[in-house]
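Colleague: Sharing a structure, written as structure tokens. Questions coming.
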Amino acid sequence: MLFNDFCYAWKEALKGLYRNRWLSLASIGVVVVTLLMLGLFMLVSLNINFITTSVKDQVEIVVYVADDATAAEREELHALLSKNEALDEVRFVSRAEALQRLKAQLGNLLEGYDLDAENPLPDSYEIQTSLPEAVPEVAQELEGYPAVESVYYGRGVVENLFTVTNALQWVGLFLMIGLAITAVFLIAHTIRLTVYLRGREITIMKYVGATNWFIRWPFVLEGLILGFWGAILPLAALYFIYGAAVDWVVSNNLLFLNLLPVEGAMLELAKYLLPLGIGLGILGSAFSMGRFLRV
Amino acid sequence: MIEAVQLAKRYDKNQPYVLKDVNFKVERGEFVFIVGQSGAGKSTLLKLLIREILPTSGTLKIFGQDLRLMPERRGPYLRRNIGMVFQDFRLLEERTAYENVAFAMQVTGAVAQEIARRVPAVLEMVGLGDKLEARVCDLSGGEQQRIGLARAIVNRPSLILADEPTGNLDPDTSMEIINLLRNINIRGTTVLVATHDREIVDRMQKRVIHLEHGQIAGDQKKGVYARAF
């Protein structure tokens, strides 16, 4: 493309947007609304993922060591745990340390009990697995180790958590695909309307000897501009909405809702919404023109 | 300039031929009327000439090139050498006279200075020198067709094709438009006018090709519409 034609295409694209400003606004509106919905849903879904992974990371196995275990047995247990590749992090908690924690947690409630004299707590290991989903299986394996009194991992709760997060991920995926398809249809139709309204112009261009690409470029650029703004506006809106949501969570001390940081979430969203908006705009205009070029 | 040999066209296999067994030649610098009633095949012939449609059989050569053998992508370059004038003007109504003519030059990649120099000159030539900035929708039919003519000649084509150029105009305005076409012809451009305006054809005393039911029913050097029947 010659520089001359390039300038012409940009100028025509901007003029075209201005001449059909109401339709341009309508097209941007459609892109904005659909991408806003898509973005909102993506944010929710990203956060569900984020929260469930952090919850999953907190799932740990506690192995209680039998009080009557011999030193040799204890050593063997320690060796076995250190060797096991399914385990990510193995931390020994002595009964003294466990007591310290209990005191810290319960504080005054323990007044009157002389726990130092006769510590009722056993030695234990706190274990994180490399794959949270494998916790129940690993726990069962650890029960068979020597010197193990019992193994605790939140049986039942963990299984339920995984079922729920799996289901949420699938539902989220389907909803997002559905929304994306809806967005494609809406945008393609809006742009087709733009092109249809300018069919006369395109036909005349053909008659005076314009090549197909010469005709197509301004429309493609228009699509690009529409798609760009159609993606930027919802991103800006989501930035404020999400920022407010995070502030609200923090100010209400709902810290168990461990939300993604605003900037990170927005970058992640922009990675999808910008190319999607621009791509939709360009493809929409390029394809919608097809039938007018056959003159 | 134009050569049709055994030219035939039908739009669909199950439909009758719109043009059949058409043979004619147009030399450089000629002024030719194509006459005939609606449905005689005039418009189809013009569409074939700008390669909007392709012949079903036979050959149609223009500027020495066989249109059936011409690659698709050459189509736009062919049209830059042909000026088209339409019955319904086909102008961009929301734009000015200047913009409509400049449009045809921009399409060919002409540089801005050249456009700014030539467009006013061409509009002056068709008598609209004082209406450069007038919007098309504010102008009369005759003025609009003058813009159409200006647009057709601005790229200095060697051939002008006019499809019923006076169909929407009153008799006086029609004569003015035809006279403009004749002036363009005198400067060396070949002009082909499809029309059923009997009065104009008879007054001009130019070559007349008469189409009837898709076939050539007459081809006279200094013909009149009436005698063709």
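Chain labels run A, B, ... following the order of the structure tokens; each chain numbers its residues from 1, and ligands are numbered from 1 in the order shown.
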Determine, counting only C-alpha atoms, which protein, DNA and RNA residues have an atom within 9 Å of an atom of Asn49 in chain A; residues of the same chain fewer than 6 positions away are not included. Present the result as a ChimeraX atom specification.
Modeller: /A:165,168-169
Colleague: If you keep C-alpha atoms, can you produce a file of those selected residues as a PDB file, in the first residue's frame?
Modeller:
ATOM      1  CA  THR A 165     -14.594 -25.548  42.233  1.00  0.00           C
ATOM      2  CA  LEU A 168     -17.732 -23.585  38.926  1.00  0.00           C
ATOM      3  CA  GLN A 169     -14.926 -23.726  36.391  1.00  0.00           C
TER       4      GLN A 169
END
Colleague: Within range 59-141 of chain A, find each residue whose DSSP state, derived from the backbone, is helix (DSSP H, G or I), and express the selection as an NGL selection string.
Modeller: :A and (71-83 or 95-110 or 132-141)
Colleague: Given a cut-off of 6 Å, which residues of chain B touch chain A, counting only C-alpha atoms, written out as a list in words?
Modeller: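 Written out as asked, the residues are Glu52, Pro76, Arg79, Arg80, Ala104 and Val107 of chain B.
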Colleague: Taking C-alpha atoms for each residue, export the selection above as a PDB file, in the first residue's frame.
Modeller:
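As written to disk, part-v8.pdb reads:
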ATOM      1  CA  GLU B  52     -19.365  -6.091 -14.236  1.00  0.00           C
ATOM      2  CA  PRO B  76     -10.432  -1.904 -11.571  1.00  0.00           C
ATOM      3  CA  ARG B  79     -12.588   0.862 -15.337  1.00  0.00           C
ATOM      4  CA  ARG B  80     -10.168   3.696 -14.734  1.00  0.00           C
ATOM      5  CA  ALA B 104     -12.876   9.271  -8.657  1.00  0.00           C
ATOM      6  CA  VAL B 107      -9.499   5.977  -6.021  1.00  0.00           C
TER       7      VAL B 107
END
Colleague: Would you kindly return, as a VMD selection string, each protein, DNA or RNA residue with an atom no farther than 7 Å from any atom of Lys131 in chain B, considering only C-alpha atoms and excluding same-chain residues fewer than 3 positions away?
Modeller: chain B and resid 97 128 134
Colleague: Go ahead and compute the interatomic distance for CA of Ala236 in chain A and CA of Thr194 in chain A, in Å to one decimal.
Modeller: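 We find that CA of Ala236 in chain A and CA of Thr194 in chain A lie 25.8 Å from each other.
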Colleague: Could you check which of B:Gly64, B:Ile50, B:Val32, B:Gln6 is closest to Ile209 in chain B, using only C-alpha atoms?
Modeller: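 When distances to Ile209 in chain B are compared using only C-alpha atoms, the smallest one comes from B:Val32.
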Colleague: Any idea what's packed within 10 Å of Ile184 in chain B, counting only C-alpha atoms, ignoring anything in its chain fewer than 4 positions away? Could you give it as a PDB file with C-alpha atoms, in the first residue's frame?
Modeller:
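Once written, result-v7.pdb looks like this:
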ATOM      1  CA  GLY B  29     -13.053   8.628 -31.484  1.00  0.00           C
ATOM      2  CA  PHE B  31     -19.797   8.639 -31.085  1.00  0.00           C
ATOM      3  CA  MET B 125     -15.721  22.568 -18.237  1.00  0.00           C
ATOM      4  CA  VAL B 126     -19.196  21.142 -17.529  1.00  0.00           C
ATOM      5  CA  LEU B 149     -20.052  13.788 -16.473  1.00  0.00           C
ATOM      6  CA  ILE B 153     -13.950  12.466 -17.572  1.00  0.00           C
ATOM      7  CA  ILE B 160     -17.206   7.111 -22.006  1.00  0.00           C
ATOM      8  CA  ILE B 178     -25.692  15.418 -24.959  1.00  0.00           C
ATOM      9  CA  ASN B 179     -23.871  18.488 -26.238  1.00  0.00           C
ATOM     10  CA  LEU B 180     -21.372  18.148 -23.437  1.00  0.00           C
ATOM     11  CA  GLY B 188     -10.975  12.541 -29.030  1.00  0.00           C
ATOM     12  CA  THR B 189     -12.776  10.432 -26.423  1.00  0.00           C
ATOM     13  CA  THR B 190     -14.912   7.589 -27.733  1.00  0.00           C
ATOM     14  CA  VAL B 191     -18.503   7.921 -26.487  1.00  0.00           C
TER      15      VAL B 191
END
Colleague: Env of Leu69 in chain B: 10 Å cut, atoms = only C-alpha atoms, seq-sep filter 6 positions within chain, self excluded. Answer as a PDB file with C-alpha atoms, in the first residue's frame.
Modeller:
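For reference, out25.pdb as written:
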ATOM      1  CA  LEU B  54     -18.810 -11.743 -18.194  1.00  0.00           C
ATOM      2  CA  THR B  59     -15.558 -12.547 -27.475  1.00  0.00           C
ATOM      3  CA  LEU B  60     -15.660  -8.969 -26.308  1.00  0.00           C
ATOM      4  CA  LYS B  61     -12.463  -7.004 -26.716  1.00  0.00           C
TER       5      LYS B  61
END
Colleague: Determine, counting only C-alpha atoms, which protein, DNA and RNA residues have an atom within 9 Å of an atom of range 23-26 of chain A; residues of the same chain fewer than 2 positions away are not included. Present the result as a compact mmCIF listing (two decimals) with N, CA and C atoms, in the first residue's frame.
Modeller:
# COMPACT_ATOMS: atom_id res chain seq x y z
N GLY A 16 -15.61 8.56 7.76
CA GLY A 16 -16.73 7.61 7.74
C GLY A 16 -17.35 7.48 9.12
N LEU A 17 -16.48 7.39 10.12
CA LEU A 17 -16.99 7.26 11.50
C LEU A 17 -17.78 8.50 11.87
N TYR A 18 -17.27 9.67 11.43
CA TYR A 18 -17.96 10.90 11.79
C TYR A 18 -19.28 11.04 11.02
N ARG A 19 -19.25 10.74 9.72
CA ARG A 19 -20.47 10.87 8.92
C ARG A 19 -21.58 9.97 9.46
N ASN A 20 -21.20 8.76 9.89
CA ASN A 20 -22.19 7.84 10.44
C ASN A 20 -22.04 7.78 11.95
N ARG A 21 -21.95 8.99 12.57
CA ARG A 21 -21.57 8.99 13.99
C ARG A 21 -22.56 8.27 14.88
N ILE A 28 -20.14 0.94 18.76
CA ILE A 28 -19.27 0.92 19.94
C ILE A 28 -20.08 0.47 21.14
N GLY A 29 -21.34 0.98 21.23
CA GLY A 29 -22.19 0.60 22.36
C GLY A 29 -22.39 -0.90 22.45
N VAL A 30 -22.64 -1.50 21.30
CA VAL A 30 -22.86 -2.95 21.29
C VAL A 30 -21.60 -3.68 21.75
N VAL A 31 -20.47 -3.25 21.22
CA VAL A 31 -19.20 -3.89 21.62
C VAL A 31 -18.96 -3.67 23.11
N THR A 190 -24.10 -5.46 13.57
CA THR A 190 -24.05 -3.99 13.61
C THR A 190 -23.16 -3.47 12.49
N ILE A 191 -22.01 -4.11 12.31
CA ILE A 191 -21.10 -3.63 11.27
C ILE A 191 -21.69 -3.88 9.90
N LEU A 193 -24.70 -3.66 9.16
CA LEU A 193 -25.64 -2.55 8.96
C LEU A 193 -24.90 -1.30 8.47
N THR A 194 -23.76 -1.02 9.10
CA THR A 194 -22.94 0.12 8.67
C THR A 194 -22.58 -0.01 7.21
N GLU A 222 -11.91 1.41 10.23
CA GLU A 222 -13.07 1.81 11.03
C GLU A 222 -13.40 0.72 12.05
N LEU A 226 -13.44 1.14 16.01
CA LEU A 226 -14.64 0.79 16.78
C LEU A 226 -14.32 -0.28 17.81
Colleague: Check the smallest atom-to-atom distance from each of B:Gly214, B:Gly148, B:Gly142, B:Gly83 to Pro171 in chain B using only C-alpha atoms, then report the winner.
Modeller: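 Between B:Gly214, B:Gly148, B:Gly142, B:Gly83, the residue approaching Pro171 in chain B most closely is B:Gly142.
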Colleague: Of the candidates A:Leu257, A:Met176, A:Leu233, A:Val63, which shows the shortest atom-to-atom distance to Tyr152 in chain A, using only C-alpha atoms?
Modeller: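 Using only C-alpha atoms, the shortest distance to Tyr152 in chain A belongs to A:Val63.
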Colleague: Name all residues at most 9 Å from Arg151 in chain B (count only C-alpha atoms; drop same-chain ones fewer than 5 positions away) and give them as a short mmCIF file (atom, residue, chain, number, x, y, z; two decimals) with C-alpha atoms, in the first residue's frame.
Modeller:
data_model
loop_
_atom_site.label_atom_id
_atom_site.label_comp_id
_atom_site.auth_asym_id
_atom_site.auth_seq_id
_atom_site.Cartn_x
_atom_site.Cartn_y
_atom_site.Cartn_z
CA VAL A 208 -14.80 4.49 -10.85
CA GLY B 83 -15.92 6.92 -17.67
CA MET B 84 -19.41 5.82 -16.64
CA VAL B 85 -22.47 8.06 -16.68
CA ASN B 100 -17.76 13.66 -5.80
CA VAL B 101 -15.36 14.33 -8.64
CA ALA B 102 -12.26 14.20 -6.44
CA PHE B 103 -13.45 10.80 -5.20
CA ALA B 104 -12.88 9.27 -8.66
CA MET B 105 -9.29 10.56 -8.66
CA VAL B 119 -11.20 18.84 -10.30
CA VAL B 122 -13.25 19.72 -15.05
CA LEU B 123 -16.23 21.13 -13.14
CA ARG B 146 -23.03 17.45 -15.06
#
Colleague: Select, from B:Val208, B:Val111, B:Ala150, B:Val35, the residue with the minimum atom-to-atom distance to Gly129 in chain B, counting only C-alpha atoms.
Modeller: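 That would be B:Ala150, the residue with the smallest distance to Gly129 in chain B.
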Colleague: Which residue gives the smallest distance to Leu67 in chain B among B:Ile34, B:Leu49, B:Ile147, B:Ile216, with only C-alpha atoms counted?
Modeller: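 Among the listed residues, B:Leu49 lies closest to Leu67 in chain B.
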